[in-house]
Amino acid sequence: MSGQQQQQQQLPLTAAPQASGIAAPAASAGPAPAPAAALLLHPPPPPPPATAAPPPPPPPPAAGPLPVLGLPAGSSAPAAFPHGDPALNEQEKELKRRLKRLYPAVDEQETPLPRSWSPKDKFSYIGLSQNNLRVHYKGHGKTPKDAASVRATHPIPAACGIYYFEVKIVSKGRDGYMGIGLSAQGVNMNRLPGWDKHSYGYHGDDGHSFCSSGTGQPYGPTFTTGDVIGCCVNLINNTCFYTKNGHSLGIAFTDLPPNLYPTVGLQTPGEVVDANFGQHPFVFDIEDYMREWRTKIQAQIDRFPIGDREGEWQTMIQKMVSSYLVHHGYCATAEAFARSTDQTVLEELASIKNRQRIQKLVLAGRMGEAIETTQQLYPSLLERNPNLLFALKVRQFIEMVNGTDSEVRCLGGHSPKSQDSYPVSPRSFSSPSMSPNHGMNIHSLAVSKGSSTHFSGFENSCSNGVISNKAYQSYCHIKHQSTNLNVPELNNINVSRSQQVNSYTSDVDMETDHYSNGVAETSSNGFLNEVDSSQLRRQLCGGSQAAIERMIHFGRELQAMSEQLRRECGKNTTNKKMLKDAFSLLAYSDPWSSPVGNQLDPIQREPVCSVLNSAILETHNLPKQPPLALAMGQASQCLGLMARSGIGSCAFATVEDYLH
């Protein structure tokens with residue numbers, strides 16, 4: 001019903017109202033044994049002469065983390081995330097999964113999706129309940145001036161490409177004067193959607209569509225209690241259509257402006273509606289409609305005219321692929337690809353294998369050996385990059401905690417499989433410097449800005465001092481001799497597995513445990529042999545007391561190195577946080593299950609490996625990042641710029657679609 005028609009029936013007016021972290025539990029005050037972190041900064045004084053047996057130490061607390069006594073004053077290890085209602089948590093997870101599947105190109109850190117109605121952006125006659133998804137009318141409902149609307153919490157991001165939400169009519173109330181649609185920020189909420197400029201609505205009492213006007217146009221059927229009305233916004237061609245009970249009603253509006261909010265309006269008592277922004281499966285098959293448009297956009301890309309430059313582009317792409325293979329150390333593959341495309345490999349084969357050798361050591365968690373090998377092969381590299389050396393040392397400390405660094409492995413037995421280096425896998429890794437999932441995320445190295453790892457300060461070198469290398473010297477000087485690493489190089493151009501394995505011969509000696517059904521069958525020193533997997537438990541430094549002492553000693557050297565870096569190069573918040581996070585591991589009885597336990601995940605070795613590899617390449621005047629990765633990053637940045645500019649087709653032109 002239009003606003004003008006209702007105005008003719010109005011009664012005397014009355015004054016209308018105007019629009020309208022859980023703290024972690026405190027630690028117990030009882031005594032608790034000082035963790036190893038305390039010993040890093042405060043070595044214990046020599047014990048007094050023993051005259052009698054000392055009293056036994058107090059028992060450790062039954063549960064909860066140990067106090068972080070060794071961290072800087074005023075800081076603490078991260079607290080465990082508080083647990084809420086399991087049912088609500090599961091619903092929230094399901095909502096996230098559905099929204100990510102529907103709108104994969106949307107970065108919610110930058111442009112959050114609508115998830116509920118806004119309690120702040122509504123007229124006072126609107127009431128909200130059920131997590132701000134249910135809307136009910138609580139006004140007089142006598143005239144059009146009693147109409148009331150509410151907007152969603154956020155506008156629809158252009159990166160959605162296609163956006164859809166549904167509204168179920170719980171009750172049509174007295175007259176069913178309900179409107180469902182869209183509106184821009186600032187549009188009057190004392191009106192039904194569609195009556196004002198930059199407002200669009202489909203009304204239930206007459207089935208008319210209202211496009212920025214109080215006069216409606218015939219559009220679709222009326223709707224009432226029990227009906228489900230959907231609203232689909234196409235941000236590619238800037239149109240909107242509605243659905244009723246799963247059936248499309250056709251285009252309602254064209255030439256829509258950007259940044260519109262889902263909006264619903266009510267006008268008479270008893271009207272109640274529920275919104276579905278993705279909390280539940282939709283009645284209408286919106287994903288099928290999205291597939292149609294994805295096919296259209298990709299067909300446009302495929303039809304892009306190449307013209308006379310096809311040969312030139314082909315040569316450039318081949319060079320990019322070749323440089324990518326060289327960058328990540330695919331020796332055999334790079335050589336075979338170069339032969340098949342009549343190219344020359346820019347880096348010497350011996351140099352590629354040297355980098356490959358170092359990468360394997362890093363990915364195996366053998367950081368001490370990786371640092372030593374780097375200094376042998378590239379003597380001045382780490383001297384010129386003290387921040388890089390510091391980061392490698394911090395990673396070595398983490399691997400000591402993990403029980404995988406050579407300096408602690410040689411002092412005790414091997415650790416269980418769960419805390420060892422990459423386990424042997426029947427499938428090849430996609431790169432000697434990346435885990436299996438790296439091949440699907442080539443562009444991530446070039447475009448990541450808010451990464452959880454801390455390497456932004458590596459390029460900043462110290463101009464007036466060289467950091468001493470004494471801290472890394474081996475504690476036991478034991479050289480391991482074992483089998484080659486069981487991770488054959490990925491080969492995509494039909495080089496046989498035997499050729500790949502042979503290309504690795506003498507690259508690097510890798511110590512490898514073999515597992516069967518989760519049980520360690522053998523180890524180089526016989527420490528674990530035919531042990532039932534249920535008895536295996538992750539232990540600090542592999543469970544060796546000598547290794548723990550060595551780790552504590554190394555931690556003190558690392559703290560001294562940090563202080564020297566700060567004196568000679570100035571403050572570095574990245575280094576400070578890196579060291580704090582590493583030391584925080586010692587504040588927990590089970591570091592692997594702690595809030596900072598992700599540092600112990602083998603996948604965290606990959607960023608270290610990548611940064612070290614890039615630094616080595618710079619010494620050969622080769623690019624830090626392969627051109628292919630930069631191109632992928634540029635494409636991703638371009639899509640982000642399209643999204644910010646309101647070009648919805650970016651949703652169906654993602655880089656990942658073409659990488660697969």
# chains A, B, ... in the order shown; residues from 1 in each chain; ligands from 1

call {"tool": "residues_around", "arguments": {"residues": "segment 620-627 of chain A", "least_positions_apart": "4", "cutoff": "6 Å", "atoms": "only C-alpha atoms", "output": "JSON, numbers by chain"}}
result
{"A": [320, 324, 614]}

call {"tool": "select_by_dssp", "arguments": {"residues": "segment 89-272 of chain A", "states": "strand (DSSP E)", "output": "PyMOL selection string"}}
result
chain A and resi 117-122+126-129+134-137+148-152+162-172+179-184+199-203+208-211+217-218+228-234+239-244+247-253+260-266+271-272

call {"tool": "residues_around", "arguments": {"residues": "Pro112 of chain A", "least_positions_apart": "3", "cutoff": "9 Å", "atoms": "only C-alpha atoms", "output": "list in words"}}
result
Val106, Asp107, Glu108, Gln109, Arg115, Thr153, His154, Pro155, Ile156 and Pro157 of chain A

call {"tool": "residues_around", "arguments": {"residues": "segment 262-275 of chain A", "least_positions_apart": "4", "cutoff": "7 Å", "atoms": "only C-alpha atoms", "output": "number ranges by chain"}}
result
A: 133-141, 146-152, 166-183, 192-193

call {"tool": "residues_around", "arguments": {"residues": "Glu563 of chain A", "least_positions_apart": "5", "cutoff": "12 Å", "atoms": "only C-alpha atoms", "output": "tab-separated table (two decimals) with all heavy atoms, in the first residue's frame"}}
result
chain	number	residue	atom	x	y	z
A	41	LEU	N	66.09	-15.91	32.37
A	41	LEU	CA	66.51	-14.55	32.72
A	41	LEU	C	67.16	-14.47	34.10
A	41	LEU	O	67.91	-13.56	34.38
A	41	LEU	CB	65.32	-13.60	32.67
A	41	LEU	CG	64.55	-13.59	31.35
A	41	LEU	CD1	63.43	-12.56	31.42
A	41	LEU	CD2	65.48	-13.27	30.21
A	390	PHE	N	68.66	-13.45	14.31
A	390	PHE	CA	67.91	-13.54	15.56
A	390	PHE	C	66.64	-14.37	15.37
A	390	PHE	O	66.30	-15.21	16.21
A	390	PHE	CB	67.56	-12.13	16.06
A	390	PHE	CG	66.79	-12.12	17.35
A	390	PHE	CD1	67.42	-12.35	18.55
A	390	PHE	CD2	65.42	-11.89	17.35
A	390	PHE	CE1	66.71	-12.36	19.75
A	390	PHE	CE2	64.70	-11.88	18.53
A	390	PHE	CZ	65.35	-12.12	19.74
A	467	ILE	N	76.43	-9.15	15.15
A	467	ILE	CA	76.02	-10.00	16.26
A	467	ILE	C	76.93	-11.22	16.34
A	467	ILE	O	77.20	-11.88	15.35
A	467	ILE	CB	74.56	-10.43	16.09
A	467	ILE	CG1	73.68	-9.20	16.02
A	467	ILE	CG2	74.12	-11.33	17.22
A	467	ILE	CD1	73.80	-8.29	17.20
A	556	ARG	N	69.17	-18.28	27.59
A	556	ARG	CA	69.89	-17.14	28.18
A	556	ARG	C	70.75	-16.45	27.13
A	556	ARG	O	70.83	-15.22	27.08
A	556	ARG	CB	70.77	-17.64	29.34
A	556	ARG	CG	69.98	-18.16	30.53
A	556	ARG	CD	70.93	-18.60	31.61
A	556	ARG	NE	70.23	-19.35	32.65
A	556	ARG	CZ	70.73	-20.40	33.27
A	556	ARG	NH1	71.93	-20.83	32.98
A	556	ARG	NH2	70.02	-21.02	34.21
A	557	GLU	N	71.42	-17.25	26.28
A	557	GLU	CA	72.22	-16.65	25.21
A	557	GLU	C	71.34	-15.85	24.25
A	557	GLU	O	71.73	-14.79	23.76
A	557	GLU	CB	72.95	-17.77	24.45
A	557	GLU	CG	74.00	-18.50	25.27
A	557	GLU	CD	74.63	-19.65	24.50
A	557	GLU	OE1	73.97	-20.15	23.57
A	557	GLU	OE2	75.75	-20.04	24.84
A	558	LEU	N	70.14	-16.37	24.00
A	558	LEU	CA	69.21	-15.68	23.11
A	558	LEU	C	68.75	-14.36	23.72
A	558	LEU	O	68.63	-13.34	23.03
A	558	LEU	CB	68.02	-16.59	22.84
A	558	LEU	CG	67.08	-16.25	21.67
A	558	LEU	CD1	67.87	-16.15	20.37
A	558	LEU	CD2	65.99	-17.30	21.55
A	568	GLU	N	72.51	-2.01	19.87
A	568	GLU	CA	73.25	-1.63	18.67
A	568	GLU	C	72.35	-1.18	17.52
A	568	GLU	O	72.78	-0.40	16.68
A	568	GLU	CB	74.11	-2.82	18.22
A	568	GLU	CG	75.18	-3.18	19.24
A	568	GLU	CD	76.03	-4.36	18.78
A	568	GLU	OE1	75.70	-4.95	17.73
A	568	GLU	OE2	77.01	-4.68	19.47
A	569	CYS	N	71.10	-1.71	17.50
A	569	CYS	CA	70.23	-1.41	16.36
A	569	CYS	C	68.96	-0.68	16.76
A	569	CYS	O	68.13	-0.36	15.90
A	569	CYS	CB	69.86	-2.70	15.62
A	569	CYS	SG	71.27	-3.64	15.04
A	570	GLY	N	68.74	-0.46	18.04
A	570	GLY	CA	67.52	0.19	18.49
A	570	GLY	C	66.42	-0.82	18.78
A	570	GLY	O	66.55	-2.02	18.54
A	571	LYS	N	65.30	-0.32	19.29
A	571	LYS	CA	64.19	-1.19	19.66
A	571	LYS	C	63.57	-1.82	18.42
A	571	LYS	O	63.49	-1.21	17.37
A	571	LYS	CB	63.12	-0.39	20.43
A	571	LYS	CG	63.57	0.08	21.80
A	571	LYS	CD	62.44	0.80	22.54
A	571	LYS	CE	62.89	1.26	23.92
A	571	LYS	NZ	61.80	1.96	24.66
A	572	ASN	N	63.11	-3.04	18.60
A	572	ASN	CA	62.46	-3.77	17.51
A	572	ASN	C	61.30	-4.55	18.12
A	572	ASN	O	61.50	-5.58	18.77
A	572	ASN	CB	63.45	-4.71	16.82
A	572	ASN	CG	62.87	-5.35	15.57
A	572	ASN	OD1	61.74	-5.82	15.57
A	572	ASN	ND2	63.66	-5.37	14.49
A	575	ASN	N	61.01	-8.28	17.08
A	575	ASN	CA	61.91	-9.19	17.80
A	575	ASN	C	61.45	-9.42	19.23
A	575	ASN	O	61.51	-10.54	19.75
A	575	ASN	CB	63.33	-8.63	17.79
A	575	ASN	CG	63.99	-8.73	16.42
A	575	ASN	OD1	63.45	-9.36	15.51
A	575	ASN	ND2	65.13	-8.08	16.26
A	576	LYS	N	60.98	-8.36	19.87
A	576	LYS	CA	60.54	-8.47	21.26
A	576	LYS	C	59.37	-9.43	21.38
A	576	LYS	O	59.34	-10.31	22.26
A	576	LYS	CB	60.16	-7.09	21.79
A	576	LYS	CG	59.70	-7.08	23.25
A	576	LYS	CD	59.37	-5.66	23.70
A	576	LYS	CE	58.89	-5.66	25.15
A	576	LYS	NZ	58.55	-4.28	25.60
A	579	LEU	N	60.43	-13.14	20.72
A	579	LEU	CA	61.11	-13.77	21.85
A	579	LEU	C	60.13	-14.05	22.99
A	579	LEU	O	60.17	-15.12	23.62
A	579	LEU	CB	62.24	-12.86	22.34
A	579	LEU	CG	63.16	-13.46	23.40
A	579	LEU	CD1	63.90	-14.68	22.86
A	579	LEU	CD2	64.17	-12.42	23.88

call {"tool": "atom_distance", "arguments": {"atom1": "atom CA of Ile251 of chain A", "atom2": "atom CA of Thr239 of chain A"}}
result
6.9 Å
